[in-house]
Amino acid sequence: MPLPKKKELEFLQGVLQNAGALLVVLDAQGRIRCFNRACEHLSGYNQNEVEGKFPWDFLIPAEDADTVRQHKFEALRNNTQTPSNHITHHWVSKQGEHFLIEWSNTSLFDTDGKFEGMISVGTDITARKATDDALRASNQVIAAVLDTTPVLIAYLDPAFNFVRVNTAYAVADNQEPTYFVGKNHFDLFPNAENEAIFRRVLESGETHFAAAKPFEYAHNPERGLTHWDWTLTPVKDNDEKITGLVLSLSNVSDRIEALETAERSELGLIALTESLEARILERTRDLTLAKESAERANFAKSQFLSRMSHELRTPMNAILGFTQVLEQDTTSPEHKDYLNEINLAGNHLLKLINELLDLSRIETGHLAVQMQPVPLNAALSRALHITQPLMATRNISLLNHGAGDFQVHADSTRLSQILINLLSNATKYNRPGGRITIAIQSQGEHSVRIAITDTGSGIAPDKLSRLFRPFERLGAEHTEVDGVGIGLALSKQLAELMGAKIGVESHPGQGSTFWLDLTLADASQVLSTTPDKPAIPSVEAPQRQRKILYVEDNPSNLKLVEVIFRRQLDITLLSATNGEDGLELARRYHPDAILLDIHLPKMNGYEVLVALKADTGTSNIPVLALSADAMAIDVERGLKAGFLRYLTKPVDASALIANIRDVTWH
């Protein structure tokens, strides 16, 4: 474009000064002639400071300066046939901050066509780039979960054509995941009964669950008859229109064989060694999330994780629950060792689920803390009780300098969660036979610091700034140390919610010290410590017989509660698999208490509760919820609806019995 005359240029500069975009005018040598207010605001420099200077001398990082000068300025000056170009590069502000700017550059010519400079119009895309990076990392985590879970998962379009399958699904059929894409499910696996079920789900919009369904591979008959639990869930958009179906399958052949063996031997023991059943629903916005805003992306992730939590807690209820039962019954040291391994793996996965949910709730502002005076030594003792078995496996010694009866202002549960994370990391990233040192010191009149020091390999200084980022493991993902990189990120955000501070000091080759600064509370308000969890109680001599009604549609969950109550000689358990039948049994037998699942066929748990309260014959029966919907908002909703207690899965057998006795004996 021709270079404006003097008055025209003065007018143009006035316009540029007030424009919202970043606008810079360079002369023929590349010196700054115009630097508008938007540039001043972002960079911290004013017009007088930059006029006559080359931008690549101070505004552009040194490592990028030559490249930007050549591709942005020299390219236009030396090529009159291409009067404009586009380039993206970083700016460094006067305060040292880095901003990513997207530029559109246009040449300026005089009336004779001689190059006289260029005008650059820029947009700050730093926040957008950070959002894109965070969303990409989130999608990578979700994809990694899908491709590492042993559950077979497929996403189908409404015509039952495969859109995507996970690795487990493909491996089960000796194929690659890409083999299925575009093919019709019932062309590969013809089954008229299943096709009718698929169509009913598509019409009704309701999830279908099938338990222990037999299946034989037609093209691979030597594999024999197998049994599968499978779930078909419709995926809906914001307008409740079904856009696809998620099919998840778990091979339960081992469980069926174990049950049949136990029945034939009449040993009376439930020999369940279930494989982990993880039902993960993939939402329809997988392909569009990358184009949406950070707020919308966080909301979608939160919803997904909440649903994933529910689907994972349901099978884990059976895994951890039956493990508790078998631990009480078996006397074999070898079997006890196997059960301990199941327990450790199950609780590790449950911890990961809870941490993912906590991280999501913090990001969306849905996690609240209950601040109260907490004895610091008691919280530390609880954390050590949980982490010392891990220390023992790695022969880690402990030097505890904790002293003083400090009372801190904190959420007791979240404080223990932070301490467990820090102690677990100090153990996992320590050297075998290493040492952990704990020190508690006053930080003046109003705060106290707890410091946890390990003797591991330490952390390089250039990596410390990334330590508390979600899913950042600083290269540890290539080692044998397990984890996904959310423990420290969650601990930092929990600490900030409680008004605390967390930090680290590290020396490569010597170890690291993680510290937590907490606000002191009124020392006169001492909280009692939590007692050890009791074993599942048994009643030796029945008193008055109590009747308990359990309404649950999941066979594994129902079986677990039946086994737990079987050893309670003064309790008779009635059961129903849907809301209508449960309501009928309640009216007929008037039980002493009712355990009620939320997601039930025909009538959901809330509808059953309303009907019970409306009937004078059942309105006074205590009703307890027992659900895999375990988020705080679910518990709050249940208690407001009228449930006397709201228990969550995986169920703790001793706590379940204690709650039943509490509401029926008092």
# chains A, B, ... in the order shown; residues from 1 in each chain; ligands from 1

call {"tool": "residues_around", "arguments": {"residues": "Gly511 in chain A", "least_positions_apart": "6", "cutoff": "12 Å", "atoms": "only C-alpha atoms", "output": "PyMOL selection string"}}
result
chain A and resi 425-427+429-431+434-437+452-460+504-505

call {"tool": "write_last_selection", "arguments": {"atoms": "C-alpha atoms", "output": "compact mmCIF listing (two decimals), in the first residue's frame"}}
result
# COMPACT_ATOMS: atom_id res chain seq x y z
CA ASN A 425 5.78 -39.27 46.89
CA ALA A 426 8.65 -39.14 49.38
CA THR A 427 8.48 -42.95 49.50
CA TYR A 429 10.70 -41.31 44.55
CA ASN A 430 13.17 -42.19 47.32
CA ARG A 431 16.08 -44.57 46.85
CA GLY A 434 16.47 -44.38 51.98
CA ARG A 435 15.17 -42.11 54.72
CA ILE A 436 12.23 -39.73 55.24
CA THR A 437 12.57 -36.92 57.78
CA ILE A 452 8.91 -33.75 54.62
CA THR A 453 12.44 -34.50 53.34
CA ASP A 454 13.49 -37.55 51.29
CA THR A 455 16.87 -38.89 50.17
CA GLY A 456 15.91 -39.47 46.55
CA SER A 457 17.57 -38.22 43.36
CA GLY A 458 16.19 -34.67 43.69
CA ILE A 459 14.73 -32.39 41.01
CA ALA A 460 16.64 -30.23 38.53
CA VAL A 504 9.53 -27.45 47.52
CA GLU A 505 13.30 -27.16 47.88

call {"tool": "residues_around", "arguments": {"residues": "Thr207 in chain A", "least_positions_apart": "6", "cutoff": "9 Å", "atoms": "only C-alpha atoms", "output": "ChimeraX atom specification"}}
result
/A:201,231-234

call {"tool": "write_last_selection", "arguments": {"atoms": "N, CA, C and O atoms", "output": "PDB file, in the first residue's frame"}}
result
ATOM      1  N   VAL A 201     -32.969 -49.147  23.039  1.00  0.00           N
ATOM      2  CA  VAL A 201     -32.192 -48.095  23.702  1.00  0.00           C
ATOM      3  C   VAL A 201     -32.216 -46.819  22.875  1.00  0.00           C
ATOM      4  O   VAL A 201     -32.349 -45.710  23.402  1.00  0.00           O
ATOM      5  N   THR A 231     -22.951 -53.083  28.941  1.00  0.00           N
ATOM      6  CA  THR A 231     -23.814 -51.914  29.129  1.00  0.00           C
ATOM      7  C   THR A 231     -23.880 -51.132  27.825  1.00  0.00           C
ATOM      8  O   THR A 231     -22.850 -50.912  27.178  1.00  0.00           O
ATOM      9  N   LEU A 232     -25.087 -50.736  27.441  1.00  0.00           N
ATOM     10  CA  LEU A 232     -25.283 -49.898  26.257  1.00  0.00           C
ATOM     11  C   LEU A 232     -25.910 -48.589  26.724  1.00  0.00           C
ATOM     12  O   LEU A 232     -27.008 -48.579  27.269  1.00  0.00           O
ATOM     13  N   THR A 233     -25.191 -47.503  26.520  1.00  0.00           N
ATOM     14  CA  THR A 233     -25.617 -46.198  27.024  1.00  0.00           C
ATOM     15  C   THR A 233     -25.778 -45.208  25.873  1.00  0.00           C
ATOM     16  O   THR A 233     -24.848 -45.035  25.075  1.00  0.00           O
ATOM     17  N   PRO A 234     -26.941 -44.537  25.761  1.00  0.00           N
ATOM     18  CA  PRO A 234     -27.105 -43.523  24.713  1.00  0.00           C
ATOM     19  C   PRO A 234     -26.349 -42.252  25.067  1.00  0.00           C
ATOM     20  O   PRO A 234     -26.278 -41.860  26.224  1.00  0.00           O
TER      21      PRO A 234
END

call {"tool": "atom_distance", "arguments": {"atom1": "CA of Leu399 in chain A", "atom2": "CA of Ala379 in chain A"}}
result
16.9 Å

call {"tool": "residues_around", "arguments": {"residues": "range 115-119 of chain A", "least_positions_apart": "3", "cutoff": "10 Å", "atoms": "only C-alpha atoms", "output": "mmCIF file with all heavy atoms, in the first residue's frame"}}
result
data_model
loop_
_atom_site.group_PDB
_atom_site.id
_atom_site.type_symbol
_atom_site.label_atom_id
_atom_site.label_comp_id
_atom_site.auth_asym_id
_atom_site.auth_seq_id
_atom_site.Cartn_x
_atom_site.Cartn_y
_atom_site.Cartn_z
ATOM 1 N N MET A 1 0.850 -1.187 0.000
ATOM 2 C CA MET A 1 0.000 0.000 0.000
ATOM 3 C C MET A 1 0.884 1.235 0.000
ATOM 4 O O MET A 1 1.972 1.243 0.567
ATOM 5 C CB MET A 1 -0.923 -0.004 1.229
ATOM 6 C CG MET A 1 -0.218 0.013 2.580
ATOM 7 S SD MET A 1 -1.389 -0.008 3.963
ATOM 8 C CE MET A 1 -1.961 1.684 3.877
ATOM 9 N N PRO A 2 0.464 2.338 -0.669
ATOM 10 C CA PRO A 2 1.289 3.553 -0.739
ATOM 11 C C PRO A 2 1.461 4.150 0.643
ATOM 12 O O PRO A 2 0.588 4.072 1.501
ATOM 13 C CB PRO A 2 0.489 4.477 -1.665
ATOM 14 C CG PRO A 2 -0.460 3.585 -2.369
ATOM 15 C CD PRO A 2 -0.733 2.459 -1.481
ATOM 16 N N LEU A 3 2.645 4.776 0.869
ATOM 17 C CA LEU A 3 2.925 5.421 2.143
ATOM 18 C C LEU A 3 2.130 6.714 2.241
ATOM 19 O O LEU A 3 2.150 7.536 1.322
ATOM 20 C CB LEU A 3 4.426 5.710 2.268
ATOM 21 C CG LEU A 3 4.892 6.339 3.582
ATOM 22 C CD1 LEU A 3 4.707 5.329 4.702
ATOM 23 C CD2 LEU A 3 6.331 6.767 3.471
ATOM 24 N N LEU A 23 -0.823 -2.523 17.112
ATOM 25 C CA LEU A 23 -0.449 -1.927 15.831
ATOM 26 C C LEU A 23 0.939 -1.314 15.949
ATOM 27 O O LEU A 23 1.207 -0.472 16.814
ATOM 28 C CB LEU A 23 -1.464 -0.854 15.421
ATOM 29 C CG LEU A 23 -2.864 -1.393 15.076
ATOM 30 C CD1 LEU A 23 -3.863 -0.276 15.037
ATOM 31 C CD2 LEU A 23 -2.844 -2.122 13.758
ATOM 32 N N VAL A 24 1.854 -1.755 15.056
ATOM 33 C CA VAL A 24 3.229 -1.265 15.033
ATOM 34 C C VAL A 24 3.573 -0.882 13.596
ATOM 35 O O VAL A 24 3.285 -1.643 12.663
ATOM 36 C CB VAL A 24 4.224 -2.328 15.529
ATOM 37 C CG1 VAL A 24 5.651 -1.776 15.512
ATOM 38 C CG2 VAL A 24 3.857 -2.783 16.931
ATOM 39 N N VAL A 25 4.175 0.318 13.413
ATOM 40 C CA VAL A 25 4.635 0.755 12.095
ATOM 41 C C VAL A 25 6.154 0.832 12.140
ATOM 42 O O VAL A 25 6.739 1.469 13.037
ATOM 43 C CB VAL A 25 4.031 2.121 11.710
ATOM 44 C CG1 VAL A 25 4.590 2.580 10.363
ATOM 45 C CG2 VAL A 25 2.511 2.028 11.655
ATOM 46 N N LEU A 26 6.830 0.161 11.173
ATOM 47 C CA LEU A 26 8.276 0.189 11.047
ATOM 48 C C LEU A 26 8.667 0.977 9.804
ATOM 49 O O LEU A 26 7.957 0.948 8.784
ATOM 50 C CB LEU A 26 8.849 -1.233 10.942
ATOM 51 C CG LEU A 26 8.481 -2.226 12.059
ATOM 52 C CD1 LEU A 26 9.157 -3.559 11.799
ATOM 53 C CD2 LEU A 26 8.859 -1.675 13.420
ATOM 54 N N ASP A 27 9.835 1.691 9.850
ATOM 55 C CA ASP A 27 10.306 2.391 8.656
ATOM 56 C C ASP A 27 11.088 1.428 7.772
ATOM 57 O O ASP A 27 11.153 0.212 8.038
ATOM 58 C CB ASP A 27 11.125 3.621 9.050
ATOM 59 C CG ASP A 27 12.385 3.246 9.838
ATOM 60 O OD1 ASP A 27 12.797 2.070 9.774
ATOM 61 O OD2 ASP A 27 12.954 4.136 10.509
ATOM 62 N N ALA A 28 11.711 1.966 6.734
ATOM 63 C CA ALA A 28 12.377 1.117 5.739
ATOM 64 C C ALA A 28 13.555 0.360 6.327
ATOM 65 O O ALA A 28 13.969 -0.674 5.797
ATOM 66 C CB ALA A 28 12.840 1.973 4.555
ATOM 67 N N GLN A 29 14.158 0.867 7.430
ATOM 68 C CA GLN A 29 15.264 0.161 8.060
ATOM 69 C C GLN A 29 14.791 -0.813 9.150
ATOM 70 O O GLN A 29 15.586 -1.557 9.705
ATOM 71 C CB GLN A 29 16.237 1.182 8.701
ATOM 72 C CG GLN A 29 17.094 1.932 7.691
ATOM 73 C CD GLN A 29 16.270 2.954 6.922
ATOM 74 O OE1 GLN A 29 15.450 3.657 7.517
ATOM 75 N NE2 GLN A 29 16.462 3.025 5.596
ATOM 76 N N GLY A 30 13.513 -0.787 9.462
ATOM 77 C CA GLY A 30 12.978 -1.687 10.474
ATOM 78 C C GLY A 30 12.838 -1.052 11.833
ATOM 79 O O GLY A 30 12.541 -1.740 12.814
ATOM 80 N N ARG A 31 13.035 0.289 11.945
ATOM 81 C CA ARG A 31 12.890 0.960 13.233
ATOM 82 C C ARG A 31 11.425 1.286 13.490
ATOM 83 O O ARG A 31 10.649 1.527 12.563
ATOM 84 C CB ARG A 31 13.731 2.243 13.264
ATOM 85 C CG ARG A 31 15.242 2.011 13.204
ATOM 86 C CD ARG A 31 15.978 3.336 13.316
ATOM 87 N NE ARG A 31 17.413 3.140 13.340
ATOM 88 C CZ ARG A 31 18.176 3.079 12.240
ATOM 89 N NH1 ARG A 31 17.607 3.208 11.039
ATOM 90 N NH2 ARG A 31 19.469 2.901 12.337
ATOM 91 N N ILE A 32 11.079 1.336 14.763
ATOM 92 C CA ILE A 32 9.694 1.595 15.150
ATOM 93 C C ILE A 32 9.368 3.076 14.954
ATOM 94 O O ILE A 32 10.067 3.959 15.461
ATOM 95 C CB ILE A 32 9.465 1.191 16.621
ATOM 96 C CG1 ILE A 32 9.664 -0.318 16.793
ATOM 97 C CG2 ILE A 32 8.070 1.590 17.076
ATOM 98 C CD1 ILE A 32 9.594 -0.785 18.225
ATOM 99 N N ARG A 33 8.280 3.336 14.199
ATOM 100 C CA ARG A 33 7.792 4.707 14.018
ATOM 101 C C ARG A 33 6.507 4.937 14.808
ATOM 102 O O ARG A 33 6.256 6.050 15.285
ATOM 103 C CB ARG A 33 7.530 4.975 12.522
ATOM 104 C CG ARG A 33 8.803 5.025 11.680
ATOM 105 C CD ARG A 33 8.482 5.189 10.205
ATOM 106 N NE ARG A 33 7.676 6.379 9.955
ATOM 107 C CZ ARG A 33 7.086 6.666 8.781
ATOM 108 N NH1 ARG A 33 7.194 5.823 7.780
ATOM 109 N NH2 ARG A 33 6.381 7.768 8.647
ATOM 110 N N CYS A 34 5.678 3.913 14.912
ATOM 111 C CA CYS A 34 4.395 4.054 15.635
ATOM 112 C C CYS A 34 4.199 2.828 16.521
ATOM 113 O O CYS A 34 4.414 1.695 16.080
ATOM 114 C CB CYS A 34 3.238 4.204 14.648
ATOM 115 S SG CYS A 34 1.626 4.378 15.452
ATOM 116 N N LYS A 72 9.757 -11.824 8.849
ATOM 117 C CA LYS A 72 8.709 -10.824 9.003
ATOM 118 C C LYS A 72 9.036 -9.533 8.256
ATOM 119 O O LYS A 72 8.203 -8.970 7.556
ATOM 120 C CB LYS A 72 8.510 -10.533 10.498
ATOM 121 C CG LYS A 72 7.452 -9.479 10.805
ATOM 122 C CD LYS A 72 7.269 -9.361 12.310
ATOM 123 C CE LYS A 72 6.217 -8.313 12.659
ATOM 124 N NZ LYS A 72 5.973 -8.213 14.095
ATOM 125 N N PHE A 73 10.287 -9.035 8.378
ATOM 126 C CA PHE A 73 10.640 -7.732 7.808
ATOM 127 C C PHE A 73 11.401 -7.886 6.496
ATOM 128 O O PHE A 73 11.009 -7.351 5.456
ATOM 129 C CB PHE A 73 11.458 -6.945 8.821
ATOM 130 C CG PHE A 73 11.850 -5.565 8.334
ATOM 131 C CD1 PHE A 73 10.895 -4.554 8.277
ATOM 132 C CD2 PHE A 73 13.135 -5.297 7.912
ATOM 133 C CE1 PHE A 73 11.234 -3.304 7.823
ATOM 134 C CE2 PHE A 73 13.484 -4.049 7.458
ATOM 135 C CZ PHE A 73 12.531 -3.040 7.407
ATOM 136 N N LEU A 76 9.453 -9.019 3.386
ATOM 137 C CA LEU A 76 8.615 -8.013 2.726
ATOM 138 C C LEU A 76 9.482 -6.972 2.007
ATOM 139 O O LEU A 76 9.159 -6.531 0.899
ATOM 140 C CB LEU A 76 7.717 -7.331 3.750
ATOM 141 C CG LEU A 76 6.572 -8.173 4.324
ATOM 142 C CD1 LEU A 76 5.753 -7.349 5.292
ATOM 143 C CD2 LEU A 76 5.673 -8.683 3.204
ATOM 144 N N ARG A 77 10.551 -6.564 2.623
ATOM 145 C CA ARG A 77 11.398 -5.531 2.019
ATOM 146 C C ARG A 77 12.037 -6.032 0.720
ATOM 147 O O ARG A 77 12.199 -5.272 -0.237
ATOM 148 C CB ARG A 77 12.491 -5.108 3.003
ATOM 149 C CG ARG A 77 13.359 -3.968 2.461
ATOM 150 C CD ARG A 77 14.255 -3.393 3.516
ATOM 151 N NE ARG A 77 15.284 -4.355 3.932
ATOM 152 C CZ ARG A 77 16.239 -4.060 4.817
ATOM 153 N NH1 ARG A 77 16.274 -2.870 5.390
ATOM 154 N NH2 ARG A 77 17.124 -4.971 5.155
ATOM 155 N N ASN A 78 12.388 -7.292 0.651
ATOM 156 C CA ASN A 78 13.098 -7.826 -0.508
ATOM 157 C C ASN A 78 12.189 -8.456 -1.550
ATOM 158 O O ASN A 78 12.664 -8.953 -2.562
ATOM 159 C CB ASN A 78 14.121 -8.878 -0.048
ATOM 160 C CG ASN A 78 15.160 -8.285 0.874
ATOM 161 O OD1 ASN A 78 15.495 -7.109 0.756
ATOM 162 N ND2 ASN A 78 15.663 -9.093 1.805
ATOM 163 N N ASN A 79 10.884 -8.467 -1.300
ATOM 164 C CA ASN A 79 9.957 -9.113 -2.247
ATOM 165 C C ASN A 79 8.756 -8.215 -2.464
ATOM 166 O O ASN A 79 7.764 -8.295 -1.747
ATOM 167 C CB ASN A 79 9.527 -10.485 -1.715
ATOM 168 C CG ASN A 79 8.726 -11.273 -2.738
ATOM 169 O OD1 ASN A 79 8.402 -10.771 -3.811
ATOM 170 N ND2 ASN A 79 8.405 -12.514 -2.389
ATOM 171 N N THR A 80 8.843 -7.369 -3.454
ATOM 172 C CA THR A 80 7.739 -6.423 -3.716
ATOM 173 C C THR A 80 6.529 -7.119 -4.316
ATOM 174 O O THR A 80 5.441 -6.537 -4.381
ATOM 175 C CB THR A 80 8.210 -5.317 -4.667
ATOM 176 O OG1 THR A 80 8.669 -5.928 -5.893
ATOM 177 C CG2 THR A 80 9.353 -4.508 -4.051
ATOM 178 N N PRO A 83 3.242 -8.336 -0.951
ATOM 179 C CA PRO A 83 3.173 -7.157 -0.081
ATOM 180 C C PRO A 83 2.691 -7.441 1.334
ATOM 181 O O PRO A 83 2.520 -6.517 2.110
ATOM 182 C CB PRO A 83 2.192 -6.259 -0.827
ATOM 183 C CG PRO A 83 1.281 -7.209 -1.515
ATOM 184 C CD PRO A 83 2.145 -8.375 -1.933
ATOM 185 N N SER A 84 2.423 -8.704 1.687
ATOM 186 C CA SER A 84 1.941 -8.991 3.040
ATOM 187 C C SER A 84 2.342 -10.404 3.436
ATOM 188 O O SER A 84 2.620 -11.243 2.579
ATOM 189 C CB SER A 84 0.418 -8.832 3.136
ATOM 190 O OG SER A 84 -0.222 -9.789 2.318
ATOM 191 N N TRP A 103 0.636 -12.094 14.086
ATOM 192 C CA TRP A 103 0.798 -10.844 13.342
ATOM 193 C C TRP A 103 0.349 -10.990 11.898
ATOM 194 O O TRP A 103 0.584 -12.014 11.260
ATOM 195 C CB TRP A 103 2.267 -10.397 13.339
ATOM 196 C CG TRP A 103 2.797 -10.013 14.692
ATOM 197 C CD1 TRP A 103 3.532 -10.778 15.526
ATOM 198 C CD2 TRP A 103 2.613 -8.753 15.347
ATOM 199 N NE1 TRP A 103 3.833 -10.103 16.682
ATOM 200 C CE2 TRP A 103 3.279 -8.840 16.595
ATOM 201 C CE3 TRP A 103 1.968 -7.566 15.019
ATOM 202 C CZ2 TRP A 103 3.317 -7.797 17.501
ATOM 203 C CZ3 TRP A 103 2.011 -6.517 15.921
ATOM 204 C CH2 TRP A 103 2.672 -6.637 17.144
ATOM 205 N N SER A 104 -0.241 -9.888 11.377
ATOM 206 C CA SER A 104 -0.507 -9.730 9.950
ATOM 207 C C SER A 104 0.283 -8.500 9.500
ATOM 208 O O SER A 104 0.068 -7.391 10.007
ATOM 209 C CB SER A 104 -2.001 -9.539 9.691
ATOM 210 O OG SER A 104 -2.243 -9.299 8.317
ATOM 211 N N ASN A 105 1.201 -8.667 8.554
ATOM 212 C CA ASN A 105 2.141 -7.625 8.170
ATOM 213 C C ASN A 105 1.891 -7.179 6.732
ATOM 214 O O ASN A 105 1.714 -8.017 5.829
ATOM 215 C CB ASN A 105 3.579 -8.130 8.306
ATOM 216 C CG ASN A 105 3.823 -8.761 9.670
ATOM 217 O OD1 ASN A 105 3.720 -8.089 10.684
ATOM 218 N ND2 ASN A 105 4.117 -10.060 9.698
ATOM 219 N N THR A 106 1.919 -5.846 6.488
ATOM 220 C CA THR A 106 1.661 -5.292 5.156
ATOM 221 C C THR A 106 2.734 -4.262 4.823
ATOM 222 O O THR A 106 3.072 -3.402 5.651
ATOM 223 C CB THR A 106 0.274 -4.625 5.098
ATOM 224 O OG1 THR A 106 -0.716 -5.585 5.484
ATOM 225 C CG2 THR A 106 -0.031 -4.115 3.699
ATOM 226 N N SER A 107 3.264 -4.334 3.587
ATOM 227 C CA SER A 107 4.300 -3.408 3.141
ATOM 228 C C SER A 107 3.722 -2.015 2.905
ATOM 229 O O SER A 107 2.549 -1.855 2.532
ATOM 230 C CB SER A 107 4.941 -3.915 1.853
ATOM 231 O OG SER A 107 5.540 -5.173 2.050
ATOM 232 N N LEU A 108 4.569 -0.974 3.093
ATOM 233 C CA LEU A 108 4.220 0.414 2.795
ATOM 234 C C LEU A 108 5.148 0.906 1.679
ATOM 235 O O LEU A 108 6.372 0.739 1.752
ATOM 236 C CB LEU A 108 4.384 1.292 4.037
ATOM 237 C CG LEU A 108 3.485 0.948 5.241
ATOM 238 C CD1 LEU A 108 3.889 1.779 6.447
ATOM 239 C CD2 LEU A 108 2.026 1.187 4.888
ATOM 240 N N PHE A 109 4.582 1.501 0.613
ATOM 241 C CA PHE A 109 5.357 1.995 -0.520
ATOM 242 C C PHE A 109 5.068 3.481 -0.723
ATOM 243 O O PHE A 109 3.969 3.966 -0.422
ATOM 244 C CB PHE A 109 5.008 1.236 -1.802
ATOM 245 C CG PHE A 109 5.210 -0.245 -1.686
ATOM 246 C CD1 PHE A 109 4.132 -1.098 -1.435
ATOM 247 C CD2 PHE A 109 6.480 -0.813 -1.816
ATOM 248 C CE1 PHE A 109 4.302 -2.459 -1.334
ATOM 249 C CE2 PHE A 109 6.652 -2.179 -1.719
ATOM 250 C CZ PHE A 109 5.572 -3.001 -1.469
ATOM 251 N N ASP A 110 6.066 4.204 -1.290
ATOM 252 C CA ASP A 110 5.785 5.589 -1.659
ATOM 253 C C ASP A 110 5.124 5.600 -3.037
ATOM 254 O O ASP A 110 4.822 4.548 -3.620
ATOM 255 C CB ASP A 110 7.064 6.424 -1.621
ATOM 256 C CG ASP A 110 8.116 5.938 -2.629
ATOM 257 O OD1 ASP A 110 7.745 5.131 -3.516
ATOM 258 O OD2 ASP A 110 9.293 6.352 -2.532
ATOM 259 N N THR A 111 4.913 6.790 -3.560
ATOM 260 C CA THR A 111 4.180 6.895 -4.838
ATOM 261 C C THR A 111 4.958 6.298 -5.993
ATOM 262 O O THR A 111 4.385 5.969 -7.038
ATOM 263 C CB THR A 111 3.850 8.371 -5.131
ATOM 264 O OG1 THR A 111 5.067 9.124 -5.104
ATOM 265 C CG2 THR A 111 2.877 8.916 -4.089
ATOM 266 N N ASP A 112 6.278 6.135 -5.803
ATOM 267 C CA ASP A 112 7.093 5.543 -6.874
ATOM 268 C C ASP A 112 7.250 4.030 -6.704
ATOM 269 O O ASP A 112 8.001 3.392 -7.442
ATOM 270 C CB ASP A 112 8.484 6.190 -6.869
ATOM 271 C CG ASP A 112 8.404 7.678 -7.197
ATOM 272 O OD1 ASP A 112 7.523 8.040 -8.015
ATOM 273 O OD2 ASP A 112 9.190 8.453 -6.628
ATOM 274 N N GLY A 122 -1.435 -6.991 15.269
ATOM 275 C CA GLY A 122 -1.245 -8.204 16.057
ATOM 276 C C GLY A 122 -2.383 -8.496 17.023
ATOM 277 O O GLY A 122 -3.116 -7.605 17.438
#

call {"tool": "select_by_dssp", "arguments": {"residues": "range 537-644 of chain A", "states": "alpha helix (DSSP H)", "output": "VMD selection string"}}
result
chain A and resid 555 to 566 579 to 589 605 to 614 632 to 641

call {"tool": "atom_distance", "arguments": {"atom1": "CA of Ile386 in chain A", "atom2": "CA of Ile420 in chain A"}}
result
7.4 Å

call {"tool": "residues_around", "arguments": {"residues": "Ser447 in chain A", "least_positions_apart": "6", "cutoff": "9 Å", "atoms": "only C-alpha atoms", "output": "PyMOL selection string"}}
result
chain A and resi 408+517-521

call {"tool": "atom_distance", "arguments": {"atom1": "CA of Glu240 in chain A", "atom2": "CA of Pro601 in chain A"}}
result
19.8 Å

call {"tool": "residues_around", "arguments": {"residues": "Leu156 in chain A", "least_positions_apart": "4", "cutoff": "7 Å", "atoms": "only C-alpha atoms", "output": "list in words"}}
result
Phe160, Asn161, Phe162, Val163, Gly244, Leu245 and Val246 of chain A

call {"tool": "closest_residue", "arguments": {"among": "A:Arg546, A:Leu490, A:Phe514, A:Leu415", "to": "Leu464 in chain A", "atoms": "only C-alpha atoms"}}
result
A:Phe514

call {"tool": "closest_residue", "arguments": {"among": "A:Val369, A:Leu585, A:Val374, A:Ile564", "to": "Leu494 in chain A", "atoms": "only C-alpha atoms"}}
result
A:Val369

call {"tool": "closest_residue", "arguments": {"among": "A:Leu612, A:Arg567, A:His89, A:Leu249", "to": "Tyr155 in chain A", "atoms": "only C-alpha atoms"}}
result
A:Leu249
